[in-house]
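The structure file entry14.txt is reproduced below (compact mmCIF, C-alpha atoms).
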# COMPACT_ATOMS: atom_id res chain seq x y z
CA MET A 1 103.29 80.42 112.95
CA GLU A 2 101.79 77.34 114.59
CA PHE A 3 97.99 77.26 114.27
CA LYS A 4 95.75 75.70 116.89
CA ASP A 5 92.98 73.29 115.91
CA SER A 6 90.40 74.94 118.09
CA GLN A 7 89.68 78.20 116.30
CA ALA A 8 89.14 79.41 112.74
CA ILE A 9 92.39 80.40 111.05
CA TYR A 10 91.21 83.89 110.15
CA LEU A 11 90.53 84.60 113.84
CA GLN A 12 93.95 83.26 114.83
CA ILE A 13 95.52 85.61 112.29
CA ALA A 14 93.48 88.48 113.77
CA ASP A 15 94.87 87.57 117.21
CA TYR A 16 98.38 87.53 115.76
CA ILE A 17 97.99 91.02 114.28
CA CYS A 18 96.46 92.36 117.51
CA GLU A 19 99.33 90.91 119.49
CA GLN A 20 101.87 92.69 117.27
CA VAL A 21 100.06 95.94 118.05
CA LEU A 22 99.79 95.32 121.80
CA LEU A 23 103.50 94.46 121.91
CA ASN A 24 104.26 97.72 120.07
CA LYS A 25 105.89 95.86 117.20
CA TRP A 26 103.43 97.52 114.85
CA GLN A 27 102.71 101.15 115.71
CA PRO A 28 99.57 103.23 115.10
CA GLU A 29 99.47 104.82 111.64
CA GLU A 30 102.00 102.25 110.43
CA ARG A 31 101.28 100.19 107.31
CA ILE A 32 100.95 96.46 108.02
CA PRO A 33 102.36 93.85 105.59
CA SER A 34 100.15 93.35 102.52
CA VAL A 35 97.56 90.58 102.35
CA ARG A 36 99.85 88.61 100.05
CA GLU A 37 102.93 89.08 102.24
CA LEU A 38 101.00 87.88 105.28
CA ALA A 39 99.56 84.92 103.34
CA VAL A 40 103.03 83.82 102.22
CA GLN A 41 104.54 84.29 105.67
CA LEU A 42 101.72 82.37 107.37
CA GLU A 43 101.35 79.82 104.51
CA VAL A 44 97.61 80.38 104.15
CA ASN A 45 95.22 81.30 101.37
CA PRO A 46 95.21 85.08 100.70
CA ASN A 47 91.38 84.99 100.87
CA THR A 48 91.70 83.94 104.53
CA VAL A 49 93.93 86.94 105.30
CA MET A 50 91.44 89.12 103.41
CA ARG A 51 88.71 87.91 105.76
CA THR A 52 90.89 88.79 108.76
CA CYS A 53 91.46 92.29 107.40
CA GLU A 54 87.74 92.80 106.80
CA LEU A 55 87.04 91.80 110.41
CA LEU A 56 89.73 94.09 111.86
CA GLN A 57 88.57 96.92 109.65
CA GLN A 58 85.01 96.46 110.87
CA GLN A 59 86.33 96.60 114.44
CA GLU A 60 88.22 99.79 113.45
CA ILE A 61 91.55 98.30 114.51
CA ILE A 62 92.98 98.77 111.03
CA TYR A 63 91.87 101.00 108.17
CA ASN A 64 92.28 100.82 104.43
CA LYS A 65 94.06 103.44 102.35
CA ARG A 66 92.92 102.72 98.83
CA GLY A 67 95.74 101.41 96.68
CA ILE A 68 98.31 101.57 99.48
CA GLY A 69 97.22 98.98 102.00
CA TYR A 70 96.03 98.55 105.56
CA PHE A 71 97.21 100.78 108.40
CA ILE A 72 96.96 100.44 112.18
CA SER A 73 94.32 102.84 113.54
CA ASN A 74 95.31 105.61 115.91
CA ASP A 75 93.38 104.15 118.84
CA ALA A 76 93.96 100.49 117.88
CA VAL A 77 95.47 99.60 121.26
CA LYS A 78 92.41 100.92 123.09
CA LYS A 79 90.03 99.09 120.72
CA ILE A 80 91.93 95.80 120.92
CA ARG A 81 92.09 95.94 124.73
CA GLN A 82 88.33 96.49 124.88
CA PHE A 83 87.58 93.52 122.56
CA LYS A 84 90.13 91.27 124.24
CA LYS A 85 88.97 92.20 127.74
CA ASP A 86 85.36 91.30 126.93
CA SER A 87 86.42 87.97 125.48
CA PHE A 88 88.81 87.27 128.37
CA ILE A 89 86.09 87.93 130.94
CA THR A 90 83.48 85.76 129.23
CA ASN A 91 85.72 82.95 127.92
CA GLU A 92 88.85 82.55 130.01
CA LEU A 93 88.02 83.85 133.48
CA PRO A 94 85.36 81.24 134.31
CA THR A 95 87.90 78.40 133.82
CA LEU A 96 90.46 80.19 135.96
CA PHE A 97 87.90 81.01 138.66
CA ARG A 98 86.73 77.41 138.74
CA SER A 99 90.27 76.16 139.40
CA MET A 100 90.81 78.88 141.99
CA TYR A 101 87.61 77.93 143.78
CA LEU A 102 88.44 74.22 143.74
CA LEU A 103 91.96 74.83 145.04
CA ASP A 104 90.80 77.47 147.51
CA ILE A 105 93.09 80.19 146.14
CA ASP A 106 92.32 83.78 147.06
CA VAL A 107 92.58 86.55 144.44
CA ASP A 108 95.22 88.38 146.54
CA GLU A 109 97.35 85.26 146.60
CA LEU A 110 97.81 85.56 142.81
CA LYS A 111 99.38 89.00 142.89
CA PRO A 112 103.02 87.99 143.47
CA TYR A 113 102.76 85.37 140.71
CA TYR A 114 101.38 87.96 138.31
CA GLU A 115 104.16 90.43 139.15
CA LYS A 116 106.77 87.73 138.67
CA PHE A 117 105.23 86.74 135.33
CA LYS A 118 105.27 90.32 134.07
CA LYS A 119 108.88 90.73 135.13
CA SER A 120 110.17 87.58 133.46
CA ASN A 121 108.20 87.93 130.22
CA PHE A 122 107.79 91.57 129.37
CA LYS A 123 110.60 93.54 131.03
CA MET B 1 86.34 79.91 84.43
CA ILE B 2 85.87 76.11 84.36
CA ASN B 3 82.43 74.94 83.35
CA ILE B 4 81.51 71.27 83.21
CA GLN B 5 77.96 70.31 82.29
CA SER B 6 76.46 66.81 82.52
CA LEU B 7 79.81 65.19 81.77
CA LYS B 8 79.71 61.50 80.88
CA PHE B 9 82.83 59.43 80.63
CA SER B 10 83.96 55.83 80.86
CA TYR B 11 87.23 54.06 80.14
CA ARG B 12 85.42 50.81 79.41
CA PRO B 13 81.91 50.16 78.07
CA ASN B 14 79.26 49.63 80.77
CA ARG B 15 81.66 50.82 83.48
CA PRO B 16 80.82 54.55 83.70
CA LEU B 17 83.22 56.69 85.72
CA PHE B 18 81.26 59.94 85.37
CA GLU B 19 77.52 60.18 84.88
CA ASP B 20 75.94 63.61 84.65
CA LEU B 21 78.85 65.32 86.43
CA SER B 22 78.57 69.11 86.63
CA LEU B 23 81.05 71.53 88.16
CA HIS B 24 81.60 75.26 87.98
CA LEU B 25 84.89 76.78 89.22
CA GLU B 26 85.81 80.47 89.43
CA ALA B 27 89.03 82.46 89.30
CA GLY B 28 90.61 83.70 92.53
CA HIS B 29 90.34 80.43 94.41
CA ILE B 30 92.37 77.38 95.33
CA TYR B 31 90.07 74.38 95.02
CA GLY B 32 90.81 71.14 96.82
CA LEU B 33 89.52 68.13 94.88
CA LEU B 34 89.01 65.21 97.24
CA GLY B 35 87.88 61.67 96.56
CA LYS B 36 88.66 58.05 97.28
CA ASN B 37 91.16 56.08 95.21
CA GLY B 38 89.62 55.39 91.84
CA ALA B 39 86.83 57.96 92.24
CA GLY B 40 88.08 59.77 89.15
CA LYS B 41 90.05 62.76 90.46
CA SER B 42 92.88 62.44 87.97
CA THR B 43 90.46 61.65 85.17
CA LEU B 44 88.48 64.81 85.91
CA LEU B 45 91.69 66.88 85.93
CA LYS B 46 92.67 65.39 82.58
CA GLN B 47 89.26 66.29 81.15
CA ILE B 48 89.79 69.88 82.28
CA ALA B 49 93.28 69.90 80.75
CA GLY B 50 92.02 68.53 77.42
CA LEU B 51 93.89 65.24 77.75
CA LEU B 52 90.72 63.15 77.81
CA PHE B 53 87.51 63.83 75.93
CA PRO B 54 83.90 63.64 77.19
CA ASP B 55 81.63 60.81 76.01
CA GLY B 56 78.71 63.15 76.63
CA GLY B 57 78.08 66.62 78.05
CA THR B 58 80.58 69.48 77.85
CA CYS B 59 83.82 70.53 79.49
CA GLU B 60 84.75 74.16 78.90
CA VAL B 61 87.57 76.33 80.21
CA MET B 62 87.29 80.08 79.59
CA GLY B 63 84.75 79.37 76.86
CA HIS B 64 86.94 76.85 75.04
CA LYS B 65 85.79 73.27 74.66
CA THR B 66 88.82 71.55 76.15
CA ALA B 67 88.65 68.55 73.79
CA LYS B 68 89.31 70.85 70.82
CA ARG B 69 92.75 71.59 72.27
CA GLN B 70 92.99 75.03 70.68
CA PRO B 71 96.37 76.73 71.24
CA SER B 72 94.61 79.77 72.76
CA PHE B 73 93.28 77.43 75.47
CA LEU B 74 96.38 75.25 75.94
CA ARG B 75 98.62 78.23 76.63
CA GLU B 76 96.34 79.25 79.52
CA ILE B 77 96.41 75.93 81.34
CA PHE B 78 99.10 73.88 83.02
CA LEU B 79 98.74 70.45 84.59
CA VAL B 80 101.22 69.05 87.09
CA PRO B 81 100.55 65.32 86.77
CA GLU B 82 101.11 62.82 89.55
CA GLU B 83 103.27 60.65 87.34
CA PHE B 84 105.50 62.28 84.78
CA PHE B 85 108.38 61.76 82.43
CA LEU B 86 111.25 64.23 82.08
CA PRO B 87 113.79 63.97 79.26
CA LYS B 88 117.54 63.63 79.79
CA ILE B 89 118.35 67.33 79.40
CA SER B 90 119.36 70.19 81.70
CA ILE B 91 116.89 72.49 83.43
CA ARG B 92 117.92 75.32 81.11
CA SER B 93 117.25 73.25 77.98
CA TYR B 94 113.90 72.18 79.41
CA VAL B 95 112.93 75.83 79.87
CA ALA B 96 114.20 76.76 76.40
CA ALA B 97 112.09 73.97 74.86
CA ASN B 98 108.88 74.41 76.85
CA ALA B 99 108.60 78.02 78.02
CA PRO B 100 107.82 79.46 74.54
CA PHE B 101 104.40 77.75 74.65
CA TYR B 102 103.41 80.03 77.55
CA PRO B 103 103.35 83.72 76.60
CA ARG B 104 103.49 85.01 80.20
CA PHE B 105 106.27 82.63 81.34
CA ASP B 106 108.39 84.39 83.98
CA GLU B 107 111.92 83.01 83.85
CA GLN B 108 113.11 85.05 86.80
CA ALA B 109 110.24 83.70 88.92
CA PHE B 110 111.08 80.15 87.79
CA TYR B 111 114.65 80.37 89.06
CA SER B 112 113.54 82.04 92.29
CA TYR B 113 111.09 79.14 92.92
CA LEU B 114 113.94 76.67 92.29
CA LYS B 115 116.05 78.59 94.75
CA GLU B 116 113.21 78.53 97.31
CA PHE B 117 113.05 74.74 96.85
CA ALA B 118 116.89 74.48 97.01
CA ILE B 119 117.22 72.80 93.60
CA PRO B 120 120.64 73.15 91.93
CA GLN B 121 120.14 74.79 88.53
CA ASP B 122 122.76 73.03 86.43
CA GLN B 123 121.65 69.43 86.76
CA GLN B 124 120.36 66.90 84.29
CA LEU B 125 116.67 66.30 84.96
CA THR B 126 117.15 62.52 84.87
CA ASN B 127 119.80 62.68 87.60
CA MET B 128 117.33 64.06 90.11
CA SER B 129 115.23 62.29 92.70
CA TYR B 130 111.46 62.04 92.25
CA GLY B 131 110.90 64.84 94.79
CA GLN B 132 113.40 67.13 93.09
CA LYS B 133 111.83 66.54 89.67
CA LYS B 134 108.46 67.31 91.15
CA LYS B 135 109.77 70.60 92.50
CA VAL B 136 111.11 71.50 89.05
CA ILE B 137 107.71 70.84 87.48
CA ILE B 138 105.87 72.75 90.22
CA SER B 139 108.26 75.70 89.78
CA PHE B 140 107.77 75.59 86.02
CA ALA B 141 104.00 75.37 86.43
CA LEU B 142 103.85 78.43 88.69
CA ALA B 143 106.20 80.38 86.41
CA THR B 144 103.97 79.80 83.35
CA ASN B 145 101.43 82.23 84.89
CA THR B 146 98.59 80.40 83.19
CA LYS B 147 95.03 81.35 84.19
CA VAL B 148 94.29 77.75 85.16
CA LEU B 149 96.74 75.68 87.15
CA ILE B 150 95.96 72.08 87.97
CA MET B 151 98.01 69.92 90.31
CA ASP B 152 97.49 66.23 90.89
CA GLU B 153 98.83 65.25 94.33
CA PRO B 154 101.50 68.00 94.34
CA THR B 155 102.79 67.25 97.85
CA ASN B 156 103.37 63.54 97.16
CA GLY B 157 107.08 62.90 97.32
CA LEU B 158 107.92 66.27 98.83
CA ASP B 159 110.03 66.16 101.99
CA ILE B 160 108.95 67.87 105.21
CA PRO B 161 110.60 71.31 104.69
CA SER B 162 109.45 71.56 101.10
CA LYS B 163 105.79 71.19 102.08
CA SER B 164 106.10 74.50 103.89
CA GLN B 165 107.95 75.99 100.90
CA PHE B 166 105.17 74.70 98.65
CA ARG B 167 102.51 76.47 100.73
CA LYS B 168 104.52 79.70 100.56
CA VAL B 169 104.92 79.67 96.79
CA MET B 170 101.25 78.78 96.31
CA ALA B 171 100.10 81.61 98.60
CA ALA B 172 102.28 83.97 96.59
CA ALA B 173 101.05 82.70 93.22
CA VAL B 174 97.27 82.74 93.58
CA THR B 175 95.74 85.96 92.27
CA ASP B 176 92.22 87.15 91.49
CA ASP B 177 92.48 86.11 87.85
CA LYS B 178 93.82 82.59 88.43
CA CYS B 179 91.99 79.38 89.17
CA MET B 180 93.95 76.65 90.92
CA VAL B 181 92.73 73.10 91.38
CA ILE B 182 94.63 70.68 93.59
CA SER B 183 93.73 67.06 94.05
CA THR B 184 95.07 65.55 97.21
CA HIS B 185 94.89 62.82 99.81
CA GLN B 186 97.18 64.73 102.15
CA VAL B 187 94.67 67.38 103.16
CA ARG B 188 96.60 68.28 106.30
CA ASP B 189 99.47 69.52 104.12
CA LEU B 190 97.19 71.96 102.39
CA ASP B 191 94.16 72.69 104.55
CA ASN B 192 95.05 76.34 105.15
CA LEU B 193 95.70 76.88 101.47
CA ILE B 194 92.50 75.43 100.05
CA ASP B 195 89.55 77.81 100.17
CA SER B 196 86.93 75.62 98.50
CA ILE B 197 86.27 71.91 98.77
CA VAL B 198 85.06 69.71 95.93
CA ILE B 199 84.33 66.07 96.70
CA ILE B 200 83.92 63.53 93.93
CA ASP B 201 82.26 60.18 94.59
CA ASP B 202 79.69 57.89 93.10
CA HIS B 203 80.26 59.11 89.48
CA LYS B 204 79.58 62.78 90.29
CA ILE B 205 80.39 65.82 92.44
CA ILE B 206 78.68 65.22 95.77
CA PHE B 207 79.93 68.29 97.66
CA HIS B 208 81.17 71.71 96.59
CA GLN B 209 81.38 74.52 99.15
CA ASP B 210 83.81 77.24 100.14
CA VAL B 211 85.48 76.84 103.53
CA GLY B 212 83.79 79.96 104.95
CA THR B 213 80.32 78.57 104.23
CA VAL B 214 81.29 75.20 105.70
CA THR B 215 82.43 76.72 109.00
CA ASP B 216 79.34 78.97 109.09
CA LYS B 217 77.07 75.92 108.92
CA LEU B 218 79.18 73.33 110.73
CA SER B 219 81.33 73.42 113.80
CA PHE B 220 84.32 71.12 114.31
CA LYS B 221 85.21 70.12 117.84
CA LEU B 222 87.08 67.69 120.00
CA LEU B 223 84.85 66.50 122.83
CA ALA B 224 85.78 64.48 125.92
CA GLN B 225 82.33 62.93 125.98
CA LEU B 226 79.55 62.50 123.46
CA ASP B 227 76.32 64.16 124.52
CA ASP B 228 72.99 63.20 122.94
CA ARG B 229 71.64 66.70 123.38
CA LEU B 230 74.25 68.13 121.00
CA PRO B 231 73.40 68.39 117.29
CA ILE B 232 76.11 65.90 116.30
CA LEU B 233 76.23 65.03 112.61
CA TYR B 234 79.34 62.85 112.64
CA ALA B 235 81.75 61.56 115.26
CA ASP B 236 85.10 59.90 115.04
CA SER B 237 86.32 58.46 118.32
CA SER B 238 89.92 57.87 119.31
CA LEU B 239 92.14 57.99 122.39
CA ARG B 240 92.27 61.78 122.15
CA GLY B 241 88.49 61.96 122.52
CA HIS B 242 85.69 62.39 120.02
CA SER B 243 86.27 64.51 116.94
CA VAL B 244 82.81 65.66 116.01
CA ILE B 245 81.01 67.73 113.43
CA LEU B 246 78.07 69.64 114.85
CA LYS B 247 75.41 71.87 113.41
CA ASN B 248 76.78 75.34 114.04
CA GLU B 249 73.87 76.75 116.02
CA ASN B 250 75.72 79.40 118.01
CA MET B 251 77.65 81.05 115.17
CA GLU B 252 80.92 79.65 116.47
CA GLN B 253 83.97 80.04 114.26
CA SER B 254 85.87 76.77 114.42
CA LYS B 255 88.73 75.53 112.28
CA ILE B 256 87.69 73.19 109.51
CA ASP B 257 88.92 69.59 109.73
CA MET B 258 88.88 68.51 106.09
CA GLU B 259 89.63 64.86 106.78
CA LEU B 260 86.74 64.64 109.21
CA LEU B 261 84.45 66.45 106.78
CA PHE B 262 85.46 64.13 103.96
CA ASN B 263 84.80 61.01 106.06
CA ALA B 264 81.50 62.44 107.25
CA ILE B 265 80.28 63.18 103.74
CA LEU B 266 81.30 59.81 102.39
CA SER B 267 79.67 57.89 105.22
CA ASN B 268 76.59 59.97 105.96
CA ARG B 269 76.08 62.50 103.22
CA GLN B 270 72.42 63.43 103.46
CA PRO B 271 72.05 65.38 106.75
CA ILE B 272 75.11 67.47 105.91
CA GLN B 273 74.02 68.18 102.35
CA GLU B 274 70.60 69.24 103.60
CA LEU B 275 72.19 71.97 105.72
CA PHE B 276 73.72 73.53 102.61
CA ASN B 277 70.56 73.53 100.48
Translate the structure described by the file into structure tokens.
Amino acid sequence: MEFKDSQAIYLQIADYICEQVLLNKWQPEERIPSVRELAVQLEVNPNTVMRTCELLQQQEIIYNKRGIGYFISNDAVKKIRQFKKDSFITNELPTLFRSMYLLDIDVDELKPYYEKFKKSNFK
Amino acid sequence: MINIQSLKFSYRPNRPLFEDLSLHLEAGHIYGLLGKNGAGKSTLLKQIAGLLFPDGGTCEVMGHKTAKRQPSFLREIFLVPEEFFLPKISIRSYVAANAPFYPRFDEQAFYSYLKEFAIPQDQQLTNMSYGQKKKVIISFALATNTKVLIMDEPTNGLDIPSKSQFRKVMAAAVTDDKCMVISTHQVRDLDNLIDSIVIIDDHKIIFHQDVGTVTDKLSFKLLAQLDDRLPILYADSSLRGHSVILKNENMEQSKIDMELLFNAILSNRQPIQELFN
């Protein structure tokens, strides 16, 4: 995994785990790889992965079964979408809107591009 | 785990290297020891390993004074030196001769590390390149399972793919009961592996914080323009823009830039240190 310079590593790992869930690669009630397995795979300190897991547990996206490991919560997808939506609206939309305003692009004009993007990436 | 109190040391009279140096390191962490050339990184590591003795103060590892070099201490510590000598024998003979000193040596793990590093197992040690020898020593060090593992510039001489392999084996090897100390100039090789930073300069430890605390107090950013209204503590300007360290006033979670932090602390230590007091 290629890390960006702009955000703390433990948050980037949280994004990675959430993405696996949103893409249905990791299903609800499924056990995720152990802290050590993730640390080795991502080449980071296990304490960093631990911090990610504590955050996701606090957000109730994963839960801990003592002695077994972390599992994806039943309503993880719903929870992740809520968190991501809030962050998308406050962080990413303003930049997009600014460009749209400057280039005089209407919201409806974007629809065909969005449909095309969905088709080529996720179908 | 490692407890150094008021350590004094000099190689030559009237040229003190350490004066009143104190440092306390715990198990369960990978410490990055940073410092300029000649600041005393290797000397400090040798003190911890019992290869050099204090002129004053104490250096203890797990309650043992390291200078006494008791077997019960030596079997719990392994030092990967920057420069080393390997005898003209095979890897297997090297293991047969050295592994018995380490009660928890894991031979299976040793050969799996070698495999990970793509080192052929039936070679004479002297017929290997510097980088290959280094990989053998690193593999041996990890396989000893000692409580304290010290590495002096471990990524020096490693080729590009083996730096990634090195990070993988280190991430797999650190456990709650082990203390790892790595001295390095190549922080970018290791910045996601190190969880605590120790900076040595001016005869003592001038900075010792875990990465989480650093990013709670400081924020690392790349700015297009410097702005006087921002709480900038240090800036490094280049064509890409201005790499800056700011006071973290909005609880942002940025990624630590260890090189920038190191330069900032060496050039303008006080305002940063004050934030951590």
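Residue nearest Ile72 (chain A) within the list A:Arg36, A:Lys25, A:Arg51, A:Lys118: A:Lys25 [criterion: smallest interatomic distance, all atoms listed in the file].
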Region 66-69 of chain A surroundings by only C-alpha atoms, 9 Å radius, close-in-sequence under 4 positions cut, as an mmCIF file with C-alpha atoms, keeping the file's coordinate frame:
data_model
loop_
_atom_site.group_PDB
_atom_site.id
_atom_site.type_symbol
_atom_site.label_atom_id
_atom_site.label_comp_id
_atom_site.auth_asym_id
_atom_site.auth_seq_id
_atom_site.Cartn_x
_atom_site.Cartn_y
_atom_site.Cartn_z
ATOM 1 C CA ARG A 31 101.280 100.190 107.310
ATOM 2 C CA ILE A 32 100.950 96.460 108.020
ATOM 3 C CA PRO A 33 102.360 93.850 105.590
ATOM 4 C CA SER A 34 100.150 93.350 102.520
ATOM 5 C CA VAL A 35 97.560 90.580 102.350
#
task = Select, from A:Cys53, A:Met100, A:Leu42, A:Leu23, the residue with the minimum atom-to-atom distance to Leu11 (chain A), counting only C-alpha atoms.
result =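 Comparing A:Cys53, A:Met100, A:Leu42, A:Leu23 against Leu11 (chain A), the winner is A:Cys53.
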From the options B:Gln70, B:Asn277, B:Thr215, B:Thr43, which residue's atoms come nearest to chain A, counting only C-alpha atoms?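 Comparing B:Gln70, B:Asn277, B:Thr215, B:Thr43 against chain A, the winner is B:Thr215.
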Using all atoms listed in the file, I'd like every residue of chain B that has an atom within 9 Å of chain A; please write them out as a VMD selection string. chain B and resid 28 to 30 164 to 172 174 to 175 190 to 195 212 215 220 to 222 252 to 257
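Residues lying within 12 Å of (87.2, 56.0, 121.3). Counted over all atoms listed in the file, they are Leu222, Leu223, Ala224, Gln225, Leu226, Ala235, Asp236, Ser237, Ser238, Leu239, Arg240, Gly241, His242, Ser243 and Val244 of chain B.
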(request) Return the single residue from B:Ser196, B:Gln108, B:Leu233, B:Asp55 that is closest to Arg12 (chain B), with distances computed using all atoms listed in the file. (result)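 When distances to Arg12 (chain B) are compared using all atoms listed in the file, the smallest one comes from B:Asp55.
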Atom pair CA of Ile182 (chain B) + CA of Pro271 (chain B), distance 26.7 Å
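Here CA of Asp176 (chain B) and CA of Met1 (chain A) stand 25.1 Å from one another.
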Which is closest to Leu44 (chain B) among B:Lys8, B:Lys88, B:Lys247, B:Lys133, if we use only C-alpha atoms?
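Answer, going by the shortest atom-to-atom distance: B:Lys8.
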Could you work out an axis-aligned bounding box for all listed atoms of region 21-31 of chain A, with 3 Å added on each of the six sides, and give its centre and edge lengths in Å to one decimal, as AutoDock Vina command-line options?
--center_x 102.7 --center_y 99.6 --center_z 114.6 --size_x 12.4 --size_y 16.4 --size_z 20.6
May I have the residues within 10 Å of Leu34 (chain B) as a PDB file with C-alpha atoms, keeping the file's coordinate frame, using only C-alpha atoms and disregarding those fewer than 4 positions away in the same chain?
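Output (result_0.pdb):
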ATOM      1  CA  ALA B  39      86.830  57.960  92.240  1.00  0.00           C
ATOM      2  CA  GLY B  40      88.080  59.770  89.150  1.00  0.00           C
ATOM      3  CA  LYS B  41      90.050  62.760  90.460  1.00  0.00           C
ATOM      4  CA  ILE B 182      94.630  70.680  93.590  1.00  0.00           C
ATOM      5  CA  SER B 183      93.730  67.060  94.050  1.00  0.00           C
ATOM      6  CA  THR B 184      95.070  65.550  97.210  1.00  0.00           C
ATOM      7  CA  HIS B 185      94.890  62.820  99.810  1.00  0.00           C
ATOM      8  CA  GLN B 186      97.180  64.730 102.150  1.00  0.00           C
ATOM      9  CA  VAL B 187      94.670  67.380 103.160  1.00  0.00           C
ATOM     10  CA  ILE B 197      86.270  71.910  98.770  1.00  0.00           C
ATOM     11  CA  VAL B 198      85.060  69.710  95.930  1.00  0.00           C
ATOM     12  CA  ILE B 199      84.330  66.070  96.700  1.00  0.00           C
ATOM     13  CA  ILE B 200      83.920  63.530  93.930  1.00  0.00           C
ATOM     14  CA  ASP B 201      82.260  60.180  94.590  1.00  0.00           C
ATOM     15  CA  ILE B 205      80.390  65.820  92.440  1.00  0.00           C
ATOM     16  CA  PHE B 207      79.930  68.290  97.660  1.00  0.00           C
ATOM     17  CA  MET B 258      88.880  68.510 106.090  1.00  0.00           C
ATOM     18  CA  GLU B 259      89.630  64.860 106.780  1.00  0.00           C
ATOM     19  CA  PHE B 262      85.460  64.130 103.960  1.00  0.00           C
TER      20      PHE B 262
END
Residue contacts of region 115-120 of chain B (8 Å, only C-alpha atoms) excluding same-chain residues fewer than 5 positions away, as an MDAnalysis selection string
chainID B and resid 132 135:136 162 165
Please write the residues from the selection above to a file, keeping C-alpha atoms, as an mmCIF file, in the coordinates of the input.
data_model
loop_
_atom_site.group_PDB
_atom_site.id
_atom_site.type_symbol
_atom_site.label_atom_id
_atom_site.label_comp_id
_atom_site.auth_asym_id
_atom_site.auth_seq_id
_atom_site.Cartn_x
_atom_site.Cartn_y
_atom_site.Cartn_z
ATOM 1 C CA GLN B 132 113.400 67.130 93.090
ATOM 2 C CA LYS B 135 109.770 70.600 92.500
ATOM 3 C CA VAL B 136 111.110 71.500 89.050
ATOM 4 C CA SER B 162 109.450 71.560 101.100
ATOM 5 C CA GLN B 165 107.950 75.990 100.900
#
Worksheet item: Can you tell me, as a ChimeraX atom specification, which residues sit within 12 Å of (105.6, 70.5, 91.1) in the file's frame, using only C-alpha atoms?
Response: /B:78-84,110,113-114,117,130-143,149-158,162-163,165-167,169-170,182
Write a file of the selected residues as a PDB file, keeping the file's coordinate frame, keeping C-alpha atoms.
ATOM      1  CA  PHE B  78      99.100  73.880  83.020  1.00  0.00           C
ATOM      2  CA  LEU B  79      98.740  70.450  84.590  1.00  0.00           C
ATOM      3  CA  VAL B  80     101.220  69.050  87.090  1.00  0.00           C
ATOM      4  CA  PRO B  81     100.550  65.320  86.770  1.00  0.00           C
ATOM      5  CA  GLU B  82     101.110  62.820  89.550  1.00  0.00           C
ATOM      6  CA  GLU B  83     103.270  60.650  87.340  1.00  0.00           C
ATOM      7  CA  PHE B  84     105.500  62.280  84.780  1.00  0.00           C
ATOM      8  CA  PHE B 110     111.080  80.150  87.790  1.00  0.00           C
ATOM      9  CA  TYR B 113     111.090  79.140  92.920  1.00  0.00           C
ATOM     10  CA  LEU B 114     113.940  76.670  92.290  1.00  0.00           C
ATOM     11  CA  PHE B 117     113.050  74.740  96.850  1.00  0.00           C
ATOM     12  CA  TYR B 130     111.460  62.040  92.250  1.00  0.00           C
ATOM     13  CA  GLY B 131     110.900  64.840  94.790  1.00  0.00           C
ATOM     14  CA  GLN B 132     113.400  67.130  93.090  1.00  0.00           C
ATOM     15  CA  LYS B 133     111.830  66.540  89.670  1.00  0.00           C
ATOM     16  CA  LYS B 134     108.460  67.310  91.150  1.00  0.00           C
ATOM     17  CA  LYS B 135     109.770  70.600  92.500  1.00  0.00           C
ATOM     18  CA  VAL B 136     111.110  71.500  89.050  1.00  0.00           C
ATOM     19  CA  ILE B 137     107.710  70.840  87.480  1.00  0.00           C
ATOM     20  CA  ILE B 138     105.870  72.750  90.220  1.00  0.00           C
ATOM     21  CA  SER B 139     108.260  75.700  89.780  1.00  0.00           C
ATOM     22  CA  PHE B 140     107.770  75.590  86.020  1.00  0.00           C
ATOM     23  CA  ALA B 141     104.000  75.370  86.430  1.00  0.00           C
ATOM     24  CA  LEU B 142     103.850  78.430  88.690  1.00  0.00           C
ATOM     25  CA  ALA B 143     106.200  80.380  86.410  1.00  0.00           C
ATOM     26  CA  LEU B 149      96.740  75.680  87.150  1.00  0.00           C
ATOM     27  CA  ILE B 150      95.960  72.080  87.970  1.00  0.00           C
ATOM     28  CA  MET B 151      98.010  69.920  90.310  1.00  0.00           C
ATOM     29  CA  ASP B 152      97.490  66.230  90.890  1.00  0.00           C
ATOM     30  CA  GLU B 153      98.830  65.250  94.330  1.00  0.00           C
ATOM     31  CA  PRO B 154     101.500  68.000  94.340  1.00  0.00           C
ATOM     32  CA  THR B 155     102.790  67.250  97.850  1.00  0.00           C
ATOM     33  CA  ASN B 156     103.370  63.540  97.160  1.00  0.00           C
ATOM     34  CA  GLY B 157     107.080  62.900  97.320  1.00  0.00           C
ATOM     35  CA  LEU B 158     107.920  66.270  98.830  1.00  0.00           C
ATOM     36  CA  SER B 162     109.450  71.560 101.100  1.00  0.00           C
ATOM     37  CA  LYS B 163     105.790  71.190 102.080  1.00  0.00           C
ATOM     38  CA  GLN B 165     107.950  75.990 100.900  1.00  0.00           C
ATOM     39  CA  PHE B 166     105.170  74.700  98.650  1.00  0.00           C
ATOM     40  CA  ARG B 167     102.510  76.470 100.730  1.00  0.00           C
ATOM     41  CA  VAL B 169     104.920  79.670  96.790  1.00  0.00           C
ATOM     42  CA  MET B 170     101.250  78.780  96.310  1.00  0.00           C
ATOM     43  CA  ILE B 182      94.630  70.680  93.590  1.00  0.00           C
TER      44      ILE B 182
END
**Item:** One-decimal distance in Å that lies between CA of Ala49 (chain B) and CA of Leu86 (chain B)
**Value:**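 Here the two named atoms are 18.9 Å from each other.
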**OP:** List the neighbours of region 78-83 of chain A out to 10 Å using all atoms listed in the file; skip same-chain residues closer than 4 positions along the sequence, and give me the result as a ChimeraX atom specification.
**Re:** /A:15,18-19,21-22,56,59-61,73-74,87-88
